[in-house]
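J.: This is the structure I have questions about; it appears just below.
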2 protein chains.
Amino acid sequence: MPHEPNGHTADQVSDGLAEDRAGAVFGALADPVRRRLFSEIAAHPSTATELANGLPISRQAVAKHLNSLSDAGLLERERAGRDVRYRVTPQPLSEAVSWMAEVGGQWDERLARLAQTLER
Amino acid sequence: MPHEPNGHTADQVSDGLAEDRAGAVFGALADPVRRRLFSEIAAHPSTATELANGLPISRQAVAKHLNSLSDAGLLERERAGRDVRYRVTPQPLSEAVSWMAEVGGQWDERLARLAQTLER
DNA sequence: CAGATACGCAACCTACGGGTTGCACGTGGA
DNA sequence: TCCACGTGCAACCCGTAGGTTGCGTATCTG
């Protein structure tokens, strides 16, 4: 993954920082296990071991996924004694949605409306 | 040897429906090059070689990315003689947005409103 | 206090993603 | 007609994402 030399083609795109964040969010949500974890945590904040109990993978694997989600800013860690409980922080989702609405809004009526809804 | 959590896992992700599609979309959008390509195509339908000219990578690399996007249903191919021109088909974006609004809506006011906007 | 429990770190393995090059094929222009 | 150009396919290279096991440490509990 090289840098970003180039650049021409008058493009609007990149909101700079938001761009990086959006990438991290999409990357995090790209994995089915992570989507699953995220939605479970959204429904009920949990710890790594709890989540691992419901999945066919090890706790450490789950922990790695939680780190990805965390790095993308989608999760918040809360330590309670020896447990670490995770809960969702959906702001990054909004940013990702914004990106999609912005890019796709030129072509899709619904997305265009979304973009407006988000604007304010 | 203490190890091995789980073992029963009633896993069945069960978000059913557009779950697969959503995954493909997030996966496609996870890569910065692909986001770039997608947004350029959204602004102006183009061919692989055209797009490659604006990037530091080979045409074949671009072609692969376009296939990813295409597989995710985000692009539409239109053959014109020896050229193949791509244009965006944003419906999958809407589905992805729906997923996010649905999951994140429980926690975020803005996303909840989005979910409503999409409902109808 | 002793043992179980939950976490974090690190080493390791493997598959796959993103990139390259090379070449064959079809189409369009001079 | 002949050749240049755009595409598609395949082989190949390499880094890293996702998984494992092993182990050390902190905390809870009997």
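Letters A, B, ... go to the chains of the structure tokens in the order shown; residues in each chain start at 1; ligands are counted from 1 in the same order.
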For chain B against chain C, which residues fall within 9 Å using only C-alpha atoms (C1' of nucleotides), given as an MDAnalysis selection string?
T.: chainID B and resid 57:58 60:61 64:65 81:83
J.: Would you give me, as a tab-separated table, each residue of chain D having an atom within 8 Å of an atom of chain A, along with its shortest atom pair and that distance in Å to one decimal, using only C-alpha atoms (C1' of nucleotides) and sorting by chain and residue number?
T.:
```
residue	atom	partner	partner_atom	distance
D:DG18	C1'	A:Ala61	CA	7.5
D:DG19	C1'	A:Ala61	CA	6.6
D:DA26	C1'	A:Arg82	CA	7.0
D:DT27	C1'	A:Arg82	CA	5.3
D:DC28	C1'	A:Arg82	CA	7.8
```
J.: Set the cut-off to 6 Å and count only C-alpha atoms: what are the residues of chain A that reach chain B? Output as a list in words.
T.: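 The answer, sorted by residue number, is Asn6, Gly23, Phe26, Gly27, Ala30, Ser39, Asn53, Gly54, Leu55, Pro90, Val103 and Gly104 of chain A.
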J.: Store the residues picked out above, limited to C-alpha atoms, as an mmCIF file, in the first residue's frame.
T.:
```cif
data_model
loop_
_atom_site.group_PDB
_atom_site.id
_atom_site.type_symbol
_atom_site.label_atom_id
_atom_site.label_comp_id
_atom_site.auth_asym_id
_atom_site.auth_seq_id
_atom_site.Cartn_x
_atom_site.Cartn_y
_atom_site.Cartn_z
ATOM 1 C CA ASN A 6 -0.365 11.199 -8.090
ATOM 2 C CA GLY A 23 -11.384 3.583 5.503
ATOM 3 C CA PHE A 26 -15.134 0.047 6.205
ATOM 4 C CA GLY A 27 -12.162 -2.157 6.860
ATOM 5 C CA ALA A 30 -15.619 -5.766 6.026
ATOM 6 C CA SER A 39 -23.993 -5.890 16.287
ATOM 7 C CA ASN A 53 -18.324 -18.279 23.949
ATOM 8 C CA GLY A 54 -20.823 -17.717 21.204
ATOM 9 C CA LEU A 55 -18.318 -18.159 18.407
ATOM 10 C CA PRO A 90 -21.518 4.982 16.592
ATOM 11 C CA VAL A 103 -20.422 9.881 -3.310
ATOM 12 C CA GLY A 104 -23.561 7.954 -4.123
#
```
J.: Per DSSP on the backbone, filter range 74-108 of chain B down to the residues in alpha helix (DSSP H) and report them as a PyMOL selection string.
T.: chain B and resi 91-104
J.: Would you write out chain A as a CSV table (one decimal) with N, CA and C atoms, in the first residue's frame, after superposing it on chain B by least squares over all in-order Cα pairs?
T.:
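Final file, superposed_16.csv:
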```csv
chain,number,residue,atom,x,y,z
A,1,MET,N,-8.7,-17.5,8.4
A,1,MET,CA,-10.1,-17.2,8.6
A,1,MET,C,-10.9,-18.4,8.7
A,2,PRO,N,-11.1,-19.0,9.9
A,2,PRO,CA,-11.8,-20.2,10.1
A,2,PRO,C,-13.3,-20.0,9.9
A,3,HIS,N,-14.0,-21.0,10.1
A,3,HIS,CA,-15.4,-21.0,9.9
A,3,HIS,C,-16.1,-20.3,11.0
A,4,GLU,N,-17.3,-20.7,11.3
A,4,GLU,CA,-18.0,-20.1,12.4
A,4,GLU,C,-18.6,-21.1,13.3
A,5,PRO,N,-17.8,-21.8,14.0
A,5,PRO,CA,-18.3,-22.8,14.9
A,5,PRO,C,-19.1,-22.0,16.0
A,6,ASN,N,-18.6,-22.1,17.1
A,6,ASN,CA,-19.2,-21.3,18.2
A,6,ASN,C,-20.7,-21.0,18.0
A,7,GLY,N,-21.0,-20.0,18.6
A,7,GLY,CA,-22.4,-19.5,18.6
A,7,GLY,C,-23.0,-19.7,19.9
A,8,HIS,N,-23.2,-18.8,20.6
A,8,HIS,CA,-24.1,-18.8,21.7
A,8,HIS,C,-24.2,-17.3,21.9
A,9,THR,N,-24.4,-16.8,23.1
A,9,THR,CA,-24.6,-15.4,23.2
A,9,THR,C,-25.8,-15.0,22.3
A,10,ALA,N,-26.9,-15.0,22.9
A,10,ALA,CA,-28.1,-14.6,22.1
A,10,ALA,C,-27.8,-13.3,21.4
A,11,ASP,N,-27.5,-13.5,20.1
A,11,ASP,CA,-27.3,-12.3,19.4
A,11,ASP,C,-28.3,-12.3,18.2
A,12,GLN,N,-28.7,-11.1,17.8
A,12,GLN,CA,-29.5,-11.0,16.7
A,12,GLN,C,-28.7,-11.0,15.4
A,13,VAL,N,-27.9,-9.9,15.3
A,13,VAL,CA,-27.0,-9.8,14.2
A,13,VAL,C,-27.4,-10.5,12.9
A,14,SER,N,-26.4,-11.2,12.4
A,14,SER,CA,-26.3,-11.9,11.1
A,14,SER,C,-27.7,-12.0,10.4
A,15,ASP,N,-27.9,-11.3,9.4
A,15,ASP,CA,-29.0,-11.4,8.5
A,15,ASP,C,-28.7,-12.5,7.5
A,16,GLY,N,-27.8,-13.3,7.9
A,16,GLY,CA,-27.4,-14.4,6.9
A,16,GLY,C,-26.7,-13.9,5.7
A,17,LEU,N,-27.4,-13.9,4.6
A,17,LEU,CA,-26.8,-13.5,3.3
A,17,LEU,C,-26.3,-12.1,3.4
A,18,ALA,N,-27.2,-11.2,3.9
A,18,ALA,CA,-26.8,-9.8,3.9
A,18,ALA,C,-25.5,-9.6,4.7
A,19,GLU,N,-25.2,-10.5,5.6
A,19,GLU,CA,-24.0,-10.4,6.4
A,19,GLU,C,-22.8,-10.6,5.5
A,20,ASP,N,-22.8,-11.6,4.6
A,20,ASP,CA,-21.7,-11.8,3.7
A,20,ASP,C,-21.5,-10.6,2.8
A,21,ARG,N,-22.6,-10.1,2.3
A,21,ARG,CA,-22.5,-9.0,1.4
A,21,ARG,C,-21.9,-7.8,2.0
A,22,ALA,N,-22.4,-7.6,3.2
A,22,ALA,CA,-21.9,-6.4,4.0
A,22,ALA,C,-20.4,-6.5,4.2
A,23,GLY,N,-19.9,-7.7,4.5
A,23,GLY,CA,-18.5,-7.9,4.7
A,23,GLY,C,-17.8,-7.5,3.4
A,24,ALA,N,-18.2,-8.0,2.3
A,24,ALA,CA,-17.6,-7.8,1.0
A,24,ALA,C,-17.5,-6.3,0.7
A,25,VAL,N,-18.6,-5.6,1.0
A,25,VAL,CA,-18.7,-4.2,0.7
A,25,VAL,C,-17.7,-3.4,1.6
A,26,PHE,N,-17.7,-3.7,2.9
A,26,PHE,CA,-16.8,-3.0,3.8
A,26,PHE,C,-15.4,-3.3,3.4
A,27,GLY,N,-15.1,-4.6,3.0
A,27,GLY,CA,-13.8,-4.9,2.6
A,27,GLY,C,-13.4,-4.1,1.4
A,28,ALA,N,-14.3,-4.0,0.4
A,28,ALA,CA,-14.0,-3.3,-0.8
A,28,ALA,C,-13.7,-1.8,-0.5
A,29,LEU,N,-14.5,-1.3,0.4
A,29,LEU,CA,-14.4,0.2,0.7
A,29,LEU,C,-13.3,0.5,1.7
A,30,ALA,N,-12.7,-0.6,2.2
A,30,ALA,CA,-11.6,-0.4,3.2
A,30,ALA,C,-10.4,0.2,2.6
A,31,ASP,N,-10.2,0.0,1.3
A,31,ASP,CA,-8.9,0.5,0.6
A,31,ASP,C,-9.2,1.8,0.1
A,32,PRO,N,-8.2,2.8,0.4
A,32,PRO,CA,-8.4,4.1,-0.1
A,32,PRO,C,-8.4,4.2,-1.6
A,33,VAL,N,-7.6,3.4,-2.3
A,33,VAL,CA,-7.6,3.4,-3.8
A,33,VAL,C,-9.0,3.0,-4.3
A,34,ARG,N,-9.5,2.0,-3.6
A,34,ARG,CA,-10.8,1.5,-4.1
A,34,ARG,C,-11.9,2.6,-3.8
A,35,ARG,N,-11.9,3.2,-2.7
A,35,ARG,CA,-12.9,4.3,-2.5
A,35,ARG,C,-12.7,5.4,-3.5
A,36,ARG,N,-11.5,5.7,-3.8
A,36,ARG,CA,-11.2,6.7,-4.8
A,36,ARG,C,-11.8,6.3,-6.1
A,37,LEU,N,-11.5,5.1,-6.6
A,37,LEU,CA,-12.0,4.6,-7.8
A,37,LEU,C,-13.5,4.6,-7.8
A,38,PHE,N,-14.1,4.1,-6.8
A,38,PHE,CA,-15.5,4.0,-6.7
A,38,PHE,C,-16.2,5.4,-6.8
A,39,SER,N,-15.6,6.4,-6.1
A,39,SER,CA,-16.3,7.7,-6.2
A,39,SER,C,-16.1,8.3,-7.6
A,40,GLU,N,-14.9,8.0,-8.2
A,40,GLU,CA,-14.7,8.6,-9.5
A,40,GLU,C,-15.7,8.0,-10.5
A,41,ILE,N,-15.9,6.7,-10.4
A,41,ILE,CA,-16.8,6.0,-11.3
A,41,ILE,C,-18.2,6.4,-11.0
A,42,ALA,N,-18.5,6.7,-9.8
A,42,ALA,CA,-19.9,7.2,-9.5
A,42,ALA,C,-20.1,8.6,-10.2
A,43,ALA,N,-19.0,9.4,-10.2
A,43,ALA,CA,-19.1,10.7,-10.8
A,43,ALA,C,-19.2,10.5,-12.4
A,44,HIS,N,-18.4,9.5,-12.9
A,44,HIS,CA,-18.3,9.4,-14.3
A,44,HIS,C,-17.9,8.0,-14.7
A,45,PRO,N,-18.7,7.1,-15.2
A,45,PRO,CA,-18.4,5.8,-15.6
A,45,PRO,C,-17.1,5.8,-16.4
A,46,SER,N,-16.2,4.9,-16.1
A,46,SER,CA,-14.9,4.9,-16.8
A,46,SER,C,-14.4,3.5,-17.1
A,47,THR,N,-13.3,3.4,-17.8
A,47,THR,CA,-12.6,2.1,-18.1
A,47,THR,C,-11.4,2.1,-17.2
A,48,ALA,N,-10.8,0.9,-17.1
A,48,ALA,CA,-9.6,0.6,-16.2
A,48,ALA,C,-8.5,1.5,-16.6
A,49,THR,N,-8.2,1.6,-17.9
A,49,THR,CA,-7.0,2.4,-18.4
A,49,THR,C,-7.3,3.9,-18.1
A,50,GLU,N,-8.4,4.3,-18.3
A,50,GLU,CA,-8.7,5.7,-18.0
A,50,GLU,C,-8.4,6.0,-16.6
A,51,LEU,N,-9.0,5.2,-15.7
A,51,LEU,CA,-8.8,5.4,-14.3
A,51,LEU,C,-7.3,5.3,-13.9
A,52,ALA,N,-6.6,4.4,-14.5
A,52,ALA,CA,-5.2,4.2,-14.2
A,52,ALA,C,-4.4,5.4,-14.6
A,53,ASN,N,-4.8,6.1,-15.6
A,53,ASN,CA,-4.1,7.3,-16.0
A,53,ASN,C,-4.0,8.4,-14.9
A,54,GLY,N,-5.0,8.4,-14.0
A,54,GLY,CA,-5.1,9.4,-13.0
A,54,GLY,C,-4.5,8.9,-11.7
A,55,LEU,N,-3.9,7.7,-11.7
A,55,LEU,CA,-3.3,7.1,-10.5
A,55,LEU,C,-1.8,6.7,-10.7
A,56,PRO,N,-1.1,6.6,-9.6
A,56,PRO,CA,0.3,6.3,-9.7
A,56,PRO,C,0.5,4.7,-9.8
A,57,ILE,N,-0.5,4.0,-10.1
A,57,ILE,CA,-0.3,2.5,-10.1
A,57,ILE,C,-0.7,2.0,-11.5
A,58,SER,N,-0.3,0.8,-11.8
A,58,SER,CA,-0.5,0.2,-13.1
A,58,SER,C,-2.0,-0.1,-13.4
A,59,ARG,N,-2.2,-0.3,-14.7
A,59,ARG,CA,-3.6,-0.6,-15.1
A,59,ARG,C,-4.0,-1.9,-14.5
A,60,GLN,N,-3.1,-2.9,-14.4
A,60,GLN,CA,-3.5,-4.2,-13.8
A,60,GLN,C,-3.9,-4.1,-12.4
A,61,ALA,N,-3.2,-3.2,-11.7
A,61,ALA,CA,-3.5,-3.0,-10.3
A,61,ALA,C,-4.9,-2.5,-10.2
A,62,VAL,N,-5.2,-1.5,-11.0
A,62,VAL,CA,-6.5,-0.9,-11.0
A,62,VAL,C,-7.6,-2.0,-11.4
A,63,ALA,N,-7.2,-2.8,-12.3
A,63,ALA,CA,-8.2,-3.9,-12.7
A,63,ALA,C,-8.5,-4.8,-11.6
A,64,LYS,N,-7.5,-5.1,-10.8
A,64,LYS,CA,-7.7,-5.9,-9.6
A,64,LYS,C,-8.7,-5.3,-8.6
A,65,HIS,N,-8.5,-4.0,-8.4
A,65,HIS,CA,-9.4,-3.3,-7.5
A,65,HIS,C,-10.8,-3.3,-8.0
A,66,LEU,N,-10.9,-3.1,-9.4
A,66,LEU,CA,-12.2,-3.0,-9.9
A,66,LEU,C,-12.9,-4.4,-9.8
A,67,ASN,N,-12.1,-5.4,-9.8
A,67,ASN,CA,-12.7,-6.8,-9.6
A,67,ASN,C,-13.2,-6.9,-8.2
A,68,SER,N,-12.4,-6.4,-7.2
A,68,SER,CA,-12.9,-6.4,-5.8
A,68,SER,C,-14.2,-5.7,-5.7
A,69,LEU,N,-14.3,-4.5,-6.2
A,69,LEU,CA,-15.5,-3.8,-6.1
A,69,LEU,C,-16.6,-4.5,-6.8
A,70,SER,N,-16.3,-5.1,-8.0
A,70,SER,CA,-17.3,-5.8,-8.7
A,70,SER,C,-17.8,-7.0,-7.9
A,71,ASP,N,-16.8,-7.7,-7.3
A,71,ASP,CA,-17.2,-8.9,-6.5
A,71,ASP,C,-18.1,-8.5,-5.4
A,72,ALA,N,-17.9,-7.3,-4.9
A,72,ALA,CA,-18.8,-6.9,-3.8
A,72,ALA,C,-20.1,-6.4,-4.3
A,73,GLY,N,-20.3,-6.4,-5.6
A,73,GLY,CA,-21.5,-6.0,-6.2
A,73,GLY,C,-21.7,-4.5,-6.4
A,74,LEU,N,-20.6,-3.8,-6.2
A,74,LEU,CA,-20.7,-2.4,-6.2
A,74,LEU,C,-20.5,-1.8,-7.6
A,75,LEU,N,-20.0,-2.6,-8.5
A,75,LEU,CA,-19.8,-2.2,-9.9
A,75,LEU,C,-20.4,-3.1,-10.9
A,76,GLU,N,-20.7,-2.5,-12.0
A,76,GLU,CA,-21.3,-3.2,-13.1
A,76,GLU,C,-20.4,-3.1,-14.3
A,77,ARG,N,-20.1,-4.1,-15.0
A,77,ARG,CA,-19.3,-4.1,-16.2
A,77,ARG,C,-20.1,-3.9,-17.5
A,78,GLU,N,-19.7,-3.1,-18.4
A,78,GLU,CA,-20.4,-3.0,-19.6
A,78,GLU,C,-19.4,-3.0,-20.8
A,79,ARG,N,-19.4,-4.0,-21.5
A,79,ARG,CA,-18.4,-4.1,-22.6
A,79,ARG,C,-18.8,-3.3,-23.8
A,80,ALA,N,-17.9,-2.6,-24.4
A,80,ALA,CA,-18.1,-1.8,-25.6
A,80,ALA,C,-16.9,-2.0,-26.5
A,81,GLY,N,-17.0,-3.0,-27.4
A,81,GLY,CA,-15.9,-3.2,-28.3
A,81,GLY,C,-14.7,-3.8,-27.5
A,82,ARG,N,-13.6,-3.1,-27.5
A,82,ARG,CA,-12.5,-3.6,-26.8
A,82,ARG,C,-12.4,-3.0,-25.4
A,83,ASP,N,-13.3,-2.0,-25.2
A,83,ASP,CA,-13.3,-1.3,-23.9
A,83,ASP,C,-14.3,-2.0,-22.9
A,84,VAL,N,-14.0,-1.9,-21.7
A,84,VAL,CA,-14.9,-2.3,-20.6
A,84,VAL,C,-15.2,-1.1,-19.7
A,85,ARG,N,-16.4,-0.6,-19.7
A,85,ARG,CA,-16.7,0.6,-18.9
A,85,ARG,C,-17.5,0.1,-17.7
A,86,TYR,N,-17.1,0.7,-16.6
A,86,TYR,CA,-17.7,0.4,-15.3
A,86,TYR,C,-18.6,1.5,-14.8
A,87,ARG,N,-19.7,1.1,-14.2
A,87,ARG,CA,-20.6,2.1,-13.5
A,87,ARG,C,-21.0,1.5,-12.2
A,88,VAL,N,-21.4,2.3,-11.3
A,88,VAL,CA,-21.8,1.9,-9.9
A,88,VAL,C,-23.2,1.3,-9.8
A,89,THR,N,-23.3,0.4,-8.9
A,89,THR,CA,-24.6,-0.2,-8.6
A,89,THR,C,-24.8,-0.1,-7.1
A,90,PRO,N,-25.4,0.9,-6.6
A,90,PRO,CA,-25.3,1.3,-5.2
A,90,PRO,C,-26.2,0.5,-4.2
A,91,GLN,N,-26.9,-0.5,-4.7
A,91,GLN,CA,-27.8,-1.3,-3.8
A,91,GLN,C,-27.0,-1.8,-2.6
A,92,PRO,N,-25.8,-2.5,-2.9
A,92,PRO,CA,-25.0,-3.0,-1.8
A,92,PRO,C,-24.7,-2.0,-0.7
A,93,LEU,N,-24.5,-0.8,-1.1
A,93,LEU,CA,-24.3,0.3,-0.2
A,93,LEU,C,-25.4,0.4,0.8
A,94,SER,N,-26.6,0.3,0.3
A,94,SER,CA,-27.8,0.4,1.1
A,94,SER,C,-27.8,-0.7,2.2
A,95,GLU,N,-27.4,-1.9,1.7
A,95,GLU,CA,-27.3,-3.0,2.7
A,95,GLU,C,-26.3,-2.7,3.8
A,96,ALA,N,-25.2,-2.2,3.4
A,96,ALA,CA,-24.1,-1.9,4.3
A,96,ALA,C,-24.6,-0.9,5.3
A,97,VAL,N,-25.3,0.1,4.8
A,97,VAL,CA,-25.8,1.2,5.6
A,97,VAL,C,-26.9,0.6,6.6
A,98,SER,N,-27.6,-0.3,6.1
A,98,SER,CA,-28.6,-1.0,7.0
A,98,SER,C,-27.9,-1.6,8.1
A,99,TRP,N,-26.9,-2.4,7.8
A,99,TRP,CA,-26.2,-3.1,8.9
A,99,TRP,C,-25.7,-2.1,10.0
A,100,MET,N,-25.1,-1.0,9.5
A,100,MET,CA,-24.6,0.0,10.5
A,100,MET,C,-25.8,0.7,11.3
A,101,ALA,N,-26.8,1.0,10.5
A,101,ALA,CA,-27.9,1.6,11.2
A,101,ALA,C,-28.5,0.7,12.3
A,102,GLU,N,-28.6,-0.6,11.9
A,102,GLU,CA,-29.2,-1.6,12.8
A,102,GLU,C,-28.4,-1.7,14.1
A,103,VAL,N,-27.1,-1.9,13.9
A,103,VAL,CA,-26.2,-2.1,15.0
A,103,VAL,C,-26.0,-0.9,15.8
A,104,GLY,N,-25.7,0.2,15.1
A,104,GLY,CA,-25.5,1.5,15.8
A,104,GLY,C,-26.7,2.2,16.3
A,105,GLY,N,-27.8,1.8,15.7
A,105,GLY,CA,-29.1,2.5,16.1
A,105,GLY,C,-29.4,2.5,17.5
A,106,GLN,N,-29.0,1.4,18.2
A,106,GLN,CA,-29.3,1.3,19.6
A,106,GLN,C,-28.6,2.4,20.4
A,107,TRP,N,-27.6,2.9,19.8
A,107,TRP,CA,-26.8,3.9,20.6
A,107,TRP,C,-26.8,5.3,20.1
A,108,ASP,N,-27.1,5.4,18.8
A,108,ASP,CA,-27.0,6.7,18.2
A,108,ASP,C,-28.4,7.1,17.6
A,109,GLU,N,-28.8,8.3,18.0
A,109,GLU,CA,-30.1,8.8,17.6
A,109,GLU,C,-30.2,8.9,16.1
A,110,ARG,N,-29.2,9.5,15.5
A,110,ARG,CA,-29.2,9.7,14.1
A,110,ARG,C,-29.3,8.4,13.3
A,111,LEU,N,-28.5,7.4,13.7
A,111,LEU,CA,-28.5,6.1,13.1
A,111,LEU,C,-29.9,5.5,13.2
A,112,ALA,N,-30.5,5.6,14.4
A,112,ALA,CA,-31.8,5.0,14.6
A,112,ALA,C,-32.8,5.6,13.6
A,113,ARG,N,-32.7,6.9,13.4
A,113,ARG,CA,-33.6,7.5,12.4
A,113,ARG,C,-33.3,6.9,11.0
A,114,LEU,N,-32.1,6.7,10.7
A,114,LEU,CA,-31.7,6.1,9.4
A,114,LEU,C,-32.3,4.8,9.3
A,115,ALA,N,-32.2,4.0,10.3
A,115,ALA,CA,-32.8,2.6,10.3
A,115,ALA,C,-34.2,2.7,9.9
A,116,GLN,N,-34.9,3.7,10.5
A,116,GLN,CA,-36.4,3.9,10.2
A,116,GLN,C,-36.6,4.3,8.7
A,117,THR,N,-35.7,5.2,8.3
A,117,THR,CA,-35.9,5.7,6.9
A,117,THR,C,-35.7,4.5,5.9
A,118,LEU,N,-34.8,3.6,6.3
A,118,LEU,CA,-34.6,2.4,5.4
A,118,LEU,C,-35.6,1.4,5.5
A,119,GLU,N,-36.2,1.2,6.6
A,119,GLU,CA,-37.2,0.2,6.8
A,119,GLU,C,-38.2,0.0,5.7
A,120,ARG,N,-38.8,1.0,5.3
A,120,ARG,CA,-39.9,0.9,4.3
A,120,ARG,C,-39.4,0.9,2.9
```
